[in-house]
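Visitor: You'll find run-v9.csv just under this line, and it carries CSV, C-alpha atoms.
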chain,number,residue,atom,x,y,z
V,730,MET,CA,0.0,0.0,0.0
V,731,ASN,CA,1.4,3.3,-1.0
V,732,PRO,CA,0.6,5.9,1.7
V,733,LEU,CA,0.9,8.7,-0.8
V,734,HIS,CA,-1.7,7.3,-3.2
V,735,VAL,CA,-5.3,8.1,-2.5
V,736,TYR,CA,-7.3,5.0,-3.3
V,737,ASP,CA,-10.7,5.1,-5.1
V,738,TYR,CA,-12.5,3.7,-2.1
V,739,GLU,CA,-11.2,6.3,0.3
V,740,GLU,CA,-13.5,8.8,2.0
V,741,LEU,CA,-12.4,12.4,2.1
V,742,TYR,CA,-13.5,15.1,4.5
V,743,ARG,CA,-14.1,18.7,3.8
V,744,SER,CA,-14.8,21.3,6.5
V,745,VAL,CA,-17.9,23.4,5.7
V,746,ARG,CA,-18.6,26.8,7.3
V,747,PRO,CA,-22.1,27.7,8.5
V,748,ASP,CA,-22.6,30.1,5.6
V,749,GLN,CA,-21.6,27.5,3.0
V,750,TYR,CA,-24.7,25.3,3.4
V,751,LYS,CA,-28.4,25.7,3.7
V,752,THR,CA,-31.2,23.6,5.1
V,753,ILE,CA,-34.2,23.1,2.8
V,754,SER,CA,-37.1,21.0,3.9
V,755,GLY,CA,-34.8,19.3,6.5
V,756,LYS,CA,-32.1,18.5,4.0
V,757,ILE,CA,-28.6,19.9,4.1
V,758,ILE,CA,-27.6,21.5,0.8
V,759,ILE,CA,-23.9,22.3,0.3
V,760,SER,CA,-23.1,25.5,-1.6
V,761,ALA,CA,-20.6,25.6,-4.4
V,762,SER,CA,-18.8,28.2,-2.3
V,763,ALA,CA,-17.9,25.4,0.2
V,764,PHE,CA,-15.2,24.5,-2.4
V,765,ASN,CA,-13.7,28.0,-2.9
V,766,ASP,CA,-10.0,27.9,-3.5
V,767,ARG,CA,-7.7,30.6,-4.8
V,768,GLU,CA,-5.4,28.1,-6.5
V,769,ARG,CA,-8.4,26.1,-7.9
V,770,LYS,CA,-7.3,23.1,-5.9
V,771,PRO,CA,-9.8,22.5,-3.1
V,772,SER,CA,-8.4,20.8,0.0
V,773,VAL,CA,-9.8,17.7,1.5
V,774,ASP,CA,-8.5,15.4,4.3
V,775,ARG,CA,-8.0,11.7,4.1
V,776,SER,CA,-10.1,9.5,6.5
V,777,TRP,CA,-7.5,7.2,7.8
V,778,PRO,CA,-8.7,4.3,10.0
V,779,GLY,CA,-9.5,5.5,13.5
V,780,ARG,CA,-9.4,9.1,12.6
V,781,ASP,CA,-12.2,11.2,14.0
V,782,PRO,CA,-13.8,13.3,11.2
V,783,LYS,CA,-14.2,16.1,13.8
V,784,ASP,CA,-10.4,16.6,13.5
V,785,ALA,CA,-10.9,17.9,10.0
V,786,ARG,CA,-13.0,20.8,11.2
V,787,GLN,CA,-11.4,24.2,11.0
V,788,SER,CA,-13.6,25.6,13.8
V,789,GLN,CA,-16.3,24.2,16.1
V,790,ALA,CA,-18.8,26.2,14.1
V,791,ASP,CA,-18.0,24.2,11.0
V,792,GLY,CA,-19.6,20.9,9.8
V,793,ILE,CA,-17.9,18.1,7.9
V,794,THR,CA,-19.0,16.7,4.7
V,795,LYS,CA,-17.6,13.6,2.9
V,796,LEU,CA,-16.6,12.9,-0.6
V,797,PHE,CA,-15.5,9.6,-2.2
V,798,ALA,CA,-12.3,9.6,-4.2
V,799,ARG,CA,-13.9,7.4,-6.9
V,800,GLU,CA,-16.8,9.8,-7.4
V,801,ILE,CA,-14.5,12.8,-7.7
V,802,ARG,CA,-12.4,11.0,-10.3
V,803,SER,CA,-15.2,9.6,-12.3
V,804,THR,CA,-17.8,12.3,-12.4
V,805,CYS,CA,-15.7,15.4,-12.5
V,806,ASN,CA,-14.0,15.4,-15.9
V,807,VAL,CA,-13.8,19.0,-17.0
V,808,PRO,CA,-14.0,19.7,-20.7
V,809,ILE,CA,-11.5,22.1,-22.4
V,810,PHE,CA,-13.0,24.2,-25.2
V,811,ASP,CA,-11.3,26.2,-27.9
V,812,LYS,CA,-12.3,29.7,-28.9
V,813,LYS,CA,-15.2,28.4,-31.0
V,814,GLN,CA,-16.5,26.5,-28.1
V,815,ARG,CA,-15.5,23.1,-29.6
V,816,GLN,CA,-14.3,20.6,-27.0
V,817,THR,CA,-10.6,19.8,-27.7
V,818,ASP,CA,-9.7,17.8,-24.6
V,819,GLN,CA,-10.6,17.4,-21.0
V,820,HIS,CA,-9.0,17.9,-17.6
V,821,ALA,CA,-8.5,14.8,-15.6
V,822,VAL,CA,-9.6,15.5,-12.0
V,823,ASP,CA,-7.6,13.7,-9.3
V,824,VAL,CA,-7.2,13.7,-5.6
V,825,LEU,CA,-3.5,14.0,-4.6
V,826,HIS,CA,-2.0,13.5,-1.2
V,827,ARG,CA,-0.3,16.8,-0.3
V,828,PRO,CA,0.6,16.5,3.4
V,829,ILE,CA,1.3,19.8,5.2
V,830,ILE,CA,4.4,19.4,7.3
V,831,ASN,CA,6.7,22.1,8.8
V,832,ARG,CA,5.2,25.1,6.9
V,833,PRO,CA,5.6,28.3,8.8
V,834,ASP,CA,2.2,29.7,7.9
V,835,GLU,CA,0.0,26.5,8.5
V,836,PRO,CA,-0.4,23.9,11.2
V,837,ASP,CA,0.8,20.4,10.2
V,838,ASN,CA,-1.8,18.2,8.5
V,839,PRO,CA,-0.5,14.9,7.3
V,840,ALA,CA,-4.0,14.0,6.0
V,841,HIS,CA,-4.1,17.0,3.7
V,842,CYS,CA,-5.1,16.3,0.0
V,843,GLN,CA,-5.9,18.5,-2.9
V,844,ILE,CA,-8.4,18.0,-5.7
V,845,GLU,CA,-6.4,18.9,-8.8
V,846,CYS,CA,-6.8,18.9,-12.5
V,847,ASP,CA,-4.3,17.8,-15.2
V,848,PRO,CA,-3.8,20.0,-17.1
V,849,SER,CA,-4.5,22.6,-14.4
V,850,ILE,CA,-7.7,24.7,-14.8
V,851,GLU,CA,-6.9,28.1,-16.2
V,852,LYS,CA,-10.5,29.3,-17.0
V,853,ASP,CA,-12.4,30.4,-14.0
V,854,ASN,CA,-15.6,29.2,-15.6
V,855,SER,CA,-14.4,25.6,-15.6
V,856,PHE,CA,-13.5,25.8,-11.9
V,857,LYS,CA,-17.0,27.1,-11.2
V,858,ARG,CA,-18.4,23.9,-12.8
V,859,LEU,CA,-16.0,21.8,-10.8
V,860,LYS,CA,-17.2,23.4,-7.6
V,861,GLU,CA,-20.8,22.7,-8.6
V,862,ALA,CA,-20.0,19.1,-9.1
V,863,LEU,CA,-18.2,18.8,-5.8
V,864,ALA,CA,-21.1,20.6,-4.0
V,865,GLY,CA,-23.5,18.1,-5.7
V,866,LEU,CA,-21.5,15.1,-4.5
V,867,ALA,CA,-21.2,16.6,-1.0
V,868,THR,CA,-24.9,17.3,-0.9
V,869,ARG,CA,-25.7,13.6,-1.4
V,870,VAL,CA,-24.0,12.9,1.9
V,871,GLY,CA,-24.8,16.1,3.8
V,872,LEU,CA,-22.9,16.8,7.0
V,873,ILE,CA,-21.5,13.7,8.7
V,874,VAL,CA,-20.3,16.0,11.6
V,875,LYS,CA,-22.7,18.8,12.5
V,876,PRO,CA,-21.5,22.1,13.9
V,877,ASP,CA,-21.5,22.3,17.6
V,878,SER,CA,-24.4,24.8,17.4
V,879,MET,CA,-26.6,22.1,15.8
V,880,VAL,CA,-25.8,19.3,18.2
A,500,MET,CA,-60.2,64.7,-3.6
A,501,SER,CA,-62.4,61.8,-4.9
A,502,SER,CA,-62.1,58.4,-3.5
A,503,HIS,CA,-60.4,57.3,-6.7
A,504,ALA,CA,-57.6,59.8,-6.4
A,505,ALA,CA,-54.2,58.5,-5.8
A,506,ARG,CA,-52.8,58.7,-2.4
A,507,LEU,CA,-50.2,61.2,-1.7
A,508,THR,CA,-49.0,59.7,1.5
A,509,GLY,CA,-48.3,56.1,2.1
A,510,ASP,CA,-50.4,54.0,4.5
A,511,GLN,CA,-48.1,51.3,5.8
A,512,ASN,CA,-50.9,49.1,7.1
A,513,LEU,CA,-53.6,49.3,4.4
A,514,SER,CA,-52.1,51.0,1.4
A,515,THR,CA,-54.8,50.0,-1.1
A,516,PHE,CA,-57.6,51.7,0.8
A,517,PHE,CA,-58.5,55.4,0.9
A,518,GLU,CA,-59.6,56.6,4.3
A,519,SER,CA,-60.9,53.2,5.3
A,520,SER,CA,-63.0,53.0,2.1
A,521,PRO,CA,-62.5,49.9,-0.1
A,522,ALA,CA,-62.5,52.1,-3.2
A,523,PHE,CA,-59.6,51.1,-5.3
A,524,SER,CA,-56.8,53.6,-5.8
A,525,ALA,CA,-54.6,52.6,-8.7
A,526,GLU,CA,-51.6,54.4,-7.4
A,527,ALA,CA,-52.0,53.2,-3.9
A,528,ASN,CA,-52.4,49.6,-5.0
A,529,GLN,CA,-48.9,49.8,-6.5
A,530,HIS,CA,-47.5,50.3,-3.1
A,531,VAL,CA,-48.2,46.6,-2.2
A,532,LEU,CA,-45.6,45.1,-4.6
A,533,PRO,CA,-43.0,47.8,-4.1
A,534,ARG,CA,-43.3,47.3,-0.4
A,535,TYR,CA,-42.7,43.5,-0.8
A,536,ALA,CA,-40.0,44.2,-3.3
A,537,GLU,CA,-38.3,46.7,-0.9
A,538,ILE,CA,-38.3,44.1,1.9
A,539,ALA,CA,-37.0,41.3,-0.4
A,540,LEU,CA,-34.3,43.4,-1.9
A,541,ASP,CA,-33.3,44.9,1.4
A,542,GLN,CA,-32.8,41.3,2.8
A,543,CYS,CA,-30.4,40.6,-0.1
A,544,MET,CA,-28.5,43.9,0.3
A,545,ASN,CA,-28.3,43.4,4.1
A,546,LYS,CA,-26.6,40.0,3.4
A,547,ILE,CA,-24.2,41.7,1.0
A,548,ALA,CA,-23.4,44.3,3.7
A,549,ALA,CA,-22.7,41.5,6.2
A,550,LEU,CA,-20.4,39.8,3.7
A,551,ALA,CA,-18.6,43.1,3.1
A,552,MET,CA,-17.9,43.3,6.8
A,553,THR,CA,-17.0,39.7,7.6
A,554,ALA,CA,-16.3,37.5,4.5
A,555,ASP,CA,-12.9,36.4,3.5
A,556,PRO,CA,-12.4,37.4,0.8
A,557,ARG,CA,-14.8,40.2,0.8
A,558,PRO,CA,-17.0,41.0,-2.2
A,559,SER,CA,-15.3,43.4,-4.6
A,560,GLU,CA,-16.8,46.8,-5.2
A,561,ALA,CA,-17.5,45.8,-8.8
A,562,ALA,CA,-19.4,42.8,-7.6
A,563,ILE,CA,-21.5,44.8,-5.2
A,564,ASN,CA,-22.3,47.3,-7.9
A,565,SER,CA,-23.2,44.6,-10.4
A,566,PHE,CA,-25.4,42.8,-7.9
A,567,SER,CA,-27.3,45.9,-6.8
A,568,GLN,CA,-27.9,46.8,-10.5
A,569,TRP,CA,-29.1,43.4,-11.5
A,570,LEU,CA,-31.1,42.4,-8.4
A,571,PRO,CA,-34.2,44.4,-9.1
A,572,LEU,CA,-34.5,43.0,-12.7
A,573,ILE,CA,-34.0,39.4,-11.5
A,574,PHE,CA,-36.5,40.0,-8.7
A,575,ALA,CA,-39.1,41.5,-11.2
A,576,ARG,CA,-38.7,38.6,-13.7
A,577,ALA,CA,-39.0,36.0,-10.9
A,578,CYS,CA,-42.2,37.6,-9.5
A,579,LYS,CA,-43.7,37.6,-13.0
A,580,VAL,CA,-43.1,33.9,-13.7
A,581,GLY,CA,-43.7,32.2,-10.5
A,582,GLY,CA,-42.6,33.8,-7.3
A,583,TRP,CA,-39.4,35.0,-5.7
A,584,ALA,CA,-37.3,33.0,-3.3
A,585,SER,CA,-34.3,34.6,-1.5
A,586,PRO,CA,-31.1,33.2,-2.8
A,587,HIS,CA,-28.3,31.7,-0.7
A,588,ILE,CA,-25.7,34.4,-0.9
A,589,THR,CA,-21.9,33.9,-0.5
A,590,CYS,CA,-18.7,35.2,-1.9
A,591,SER,CA,-16.3,33.3,-4.3
A,592,GLU,CA,-12.5,33.1,-3.9
A,593,LEU,CA,-12.3,36.0,-6.4
A,594,GLY,CA,-14.6,38.3,-4.5
A,595,GLU,CA,-17.6,37.6,-6.7
A,596,ILE,CA,-21.0,37.6,-5.2
A,597,VAL,CA,-22.6,34.1,-5.6
A,598,CYS,CA,-26.3,33.6,-5.5
A,599,GLU,CA,-27.8,30.1,-5.5
A,600,TRP,CA,-31.3,28.8,-5.8
A,601,TRP,CA,-32.3,25.1,-5.5
A,602,GLN,CA,-35.6,23.6,-6.6
A,603,ASN,CA,-35.8,19.8,-6.3
A,604,HIS,CA,-32.9,18.4,-8.3
A,605,LYS,CA,-32.3,21.6,-10.2
A,606,LYS,CA,-30.1,24.5,-9.2
A,607,ILE,CA,-29.1,27.9,-10.6
A,608,THR,CA,-26.0,29.8,-9.5
A,609,LEU,CA,-25.3,33.4,-10.5
A,610,TYR,CA,-21.9,35.0,-10.2
A,611,PHE,CA,-21.7,38.8,-10.0
A,612,GLY,CA,-18.2,40.3,-10.6
A,613,ASP,CA,-16.6,42.4,-13.2
A,614,GLY,CA,-18.7,42.7,-16.4
A,615,TYR,CA,-21.9,40.8,-17.1
A,616,PRO,CA,-22.9,38.2,-14.5
A,617,GLU,CA,-22.5,34.5,-15.3
A,618,TYR,CA,-25.0,31.8,-14.7
A,619,ILE,CA,-24.7,28.0,-14.3
A,620,LYS,CA,-27.7,25.7,-14.6
A,621,VAL,CA,-27.1,22.4,-12.7
A,622,TRP,CA,-29.1,19.3,-12.8
A,623,GLY,CA,-26.5,16.7,-11.8
A,624,THR,CA,-22.8,16.3,-11.0
A,625,ASN,CA,-21.5,15.6,-14.5
A,626,ILE,CA,-19.8,18.8,-15.6
A,627,ASP,CA,-20.1,18.0,-19.3
A,628,THR,CA,-23.6,16.7,-19.6
A,629,GLU,CA,-25.5,18.0,-16.5
A,630,MET,CA,-24.5,21.6,-16.4
A,631,GLU,CA,-24.9,24.6,-18.7
A,632,SER,CA,-23.3,28.0,-18.2
A,633,GLY,CA,-23.4,31.4,-19.9
A,634,ILE,CA,-23.6,35.1,-19.6
A,635,LEU,CA,-26.6,36.7,-18.0
A,636,THR,CA,-27.9,39.3,-20.4
A,637,SER,CA,-30.9,41.5,-19.8
A,638,GLY,CA,-33.1,40.0,-22.5
A,639,TRP,CA,-34.9,36.7,-22.1
A,640,VAL,CA,-32.1,34.9,-20.1
A,641,PRO,CA,-33.2,35.8,-16.5
A,642,THR,CA,-36.8,34.8,-17.3
A,643,SER,CA,-35.8,31.6,-19.0
A,644,LEU,CA,-33.6,30.6,-16.0
A,645,TRP,CA,-36.4,31.1,-13.6
A,646,LEU,CA,-38.8,29.2,-15.8
A,647,TRP,CA,-36.4,26.3,-16.1
A,648,LEU,CA,-35.8,26.2,-12.3
A,649,HIS,CA,-39.5,25.9,-11.6
A,650,SER,CA,-40.5,23.7,-14.6
Show how you would write the structure in this file as structure tokens.

Guide:
Amino acid sequence: MNPLHVYDYEELYRSVRPDQYKTISGKIIISASAFNDRERKPSVDRSWPGRDPKDARQSQADGITKLFAREIRSTCNVPIFDKKQRQTDQHAVDVLHRPIINRPDEPDNPAHCQIECDPSIEKDNSFKRLKEALAGLATRVGLIVKPDSMV
Amino acid sequence: MSSHAARLTGDQNLSTFFESSPAFSAEANQHVLPRYAEIALDQCMNKIAALAMTADPRPSEAAINSFSQWLPLIFARACKVGGWASPHITCSELGEIVCEWWQNHKKITLYFGDGYPEYIKVWGTNIDTEMESGILTSGWVPTSLWLWLHS
């Protein structure tokens, strides 16, 4: 088993702030803004055995949603269009293990992964679609850890 | 002044009546929708004000200007074709204002930033086959988006 490879069966956690989801008819709906990322590489955390998903929260006010690596890889292929809007290729979406260790500006997080595209997404519109797809996948699961205010 | 004359002063409680008479006053009747519109639009602008104070990143000035210019038109079209619902309002990583509406398995997201707003219609998680995006122009697009969401 390669610890740096994120396997298809793995569950991945994403911390969601209170303003990034909405409850409609009792169902939690995750906003596309829950996957905002300046570098267009949204972060998720691996769910290693025995790991409490609460550990992935960035604050006690946040909830945790869950994505599956297989779903991210299989449903989120982002098309590349030319100037005449003809599809020329597509970005392959992947989940890559990018542990955060000994960085001066961030606490260590050995479970840290990034959802990345190859080639990298340069058009903002494509990233917006990727966020919609991720939000849709997360909404299927809802919040597996509720914010402290909801418990 | 006849009972059919338009009111010159607003009656917050019973704006369609003239001095307790049920006689219809055309101008006074128009106060009902504007009052509802005022409340609905105020709710949205209050949310923007809150984002401008607390969000990270904060909405850009261009985004706020664009949103405040487009909001009345979107509201008016929505009211004409089937009722207004307050959007879920957040901010993107680029400082755009993001408005989201969900209806069963359908979703519309509007992005307000520099230039014309962008829309994304979402009915699944496949970026290629279950999403459609474009530019929000002032013609038929806002109406067609709302009709699609509620169809």

Visitor: Kindly determine which residues of chain V lie within 9 Å of chain A, considering all atoms listed in the file, and give the answer as a list in words.

Guide: Asp748, Gln749, Tyr750, Lys751, Ile753, Ile758, Ser760, Ala761, Ser762, Asn765, Asp766, Arg767, Ser803, Thr804, Cys805, Asn806, Val807, Pro808, Asn854, Ser855, Lys857, Arg858, Leu859, Glu861, Ala862, Leu863, Ala864, Gly865 and Leu866 of chain V

Visitor: Grab the CA of Leu825 in chain V to CA of Cys842 in chain V distance for me, in Å with one decimal place.

Guide: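 So the two atoms, CA of Leu825 in chain V and CA of Cys842 in chain V, lie 5.4 Å apart.
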
Visitor: Would you mind reading off the distance between CA of Ser567 in chain A and CA of Met552 in chain A, one decimal, in Å?

Guide: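 Atom-to-atom, CA of Ser567 in chain A to CA of Met552 in chain A, that is 16.7 Å.
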
Visitor: Work out how far apart CA of Cys543 in chain A and CA of Val870 in chain V are and give it in Å to one decimal.

Guide: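 Rounded to one decimal, the two atoms are 28.5 Å apart.
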
Visitor: Go through A:Trp639, A:Trp569, A:Trp647, A:Tyr615 one by one, measure the shortest atom-to-atom distance of each to Leu540 in chain A using all atoms listed in the file, and give the residue with the smallest value.

Guide: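 Nearest candidate to Leu540 in chain A out of A:Trp639, A:Trp569, A:Trp647, A:Tyr615: A:Trp569.
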
Visitor: When you look at range 809-823 of chain V with a cut-off of 7 Å (counting only C-alpha atoms), what residues show up, excluding the ones that are within fewer than 4 positions of it in the same chain? I need them as a PyMOL selection string.

Guide: chain V and resi 802+805+844-848

Visitor: Please dump the current selection as a PDB file, in the frame of the given file; keep C-alpha atoms.

Guide:
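As written to disk, part10.pdb reads:
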ATOM      1  CA  ARG V 802     -12.400  11.000 -10.300  1.00  0.00           C
ATOM      2  CA  CYS V 805     -15.700  15.400 -12.500  1.00  0.00           C
ATOM      3  CA  ILE V 844      -8.400  18.000  -5.700  1.00  0.00           C
ATOM      4  CA  GLU V 845      -6.400  18.900  -8.800  1.00  0.00           C
ATOM      5  CA  CYS V 846      -6.800  18.900 -12.500  1.00  0.00           C
ATOM      6  CA  ASP V 847      -4.300  17.800 -15.200  1.00  0.00           C
ATOM      7  CA  PRO V 848      -3.800  20.000 -17.100  1.00  0.00           C
TER       8      PRO V 848
END

Visitor: Have a look at V:Glu768, V:Asp781, V:Asp877, V:Asp791 and name the one nearest to Lys852 in chain V; count only C-alpha atoms.

Guide: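 Comparing V:Glu768, V:Asp781, V:Asp877, V:Asp791 against Lys852 in chain V, the winner is V:Glu768.
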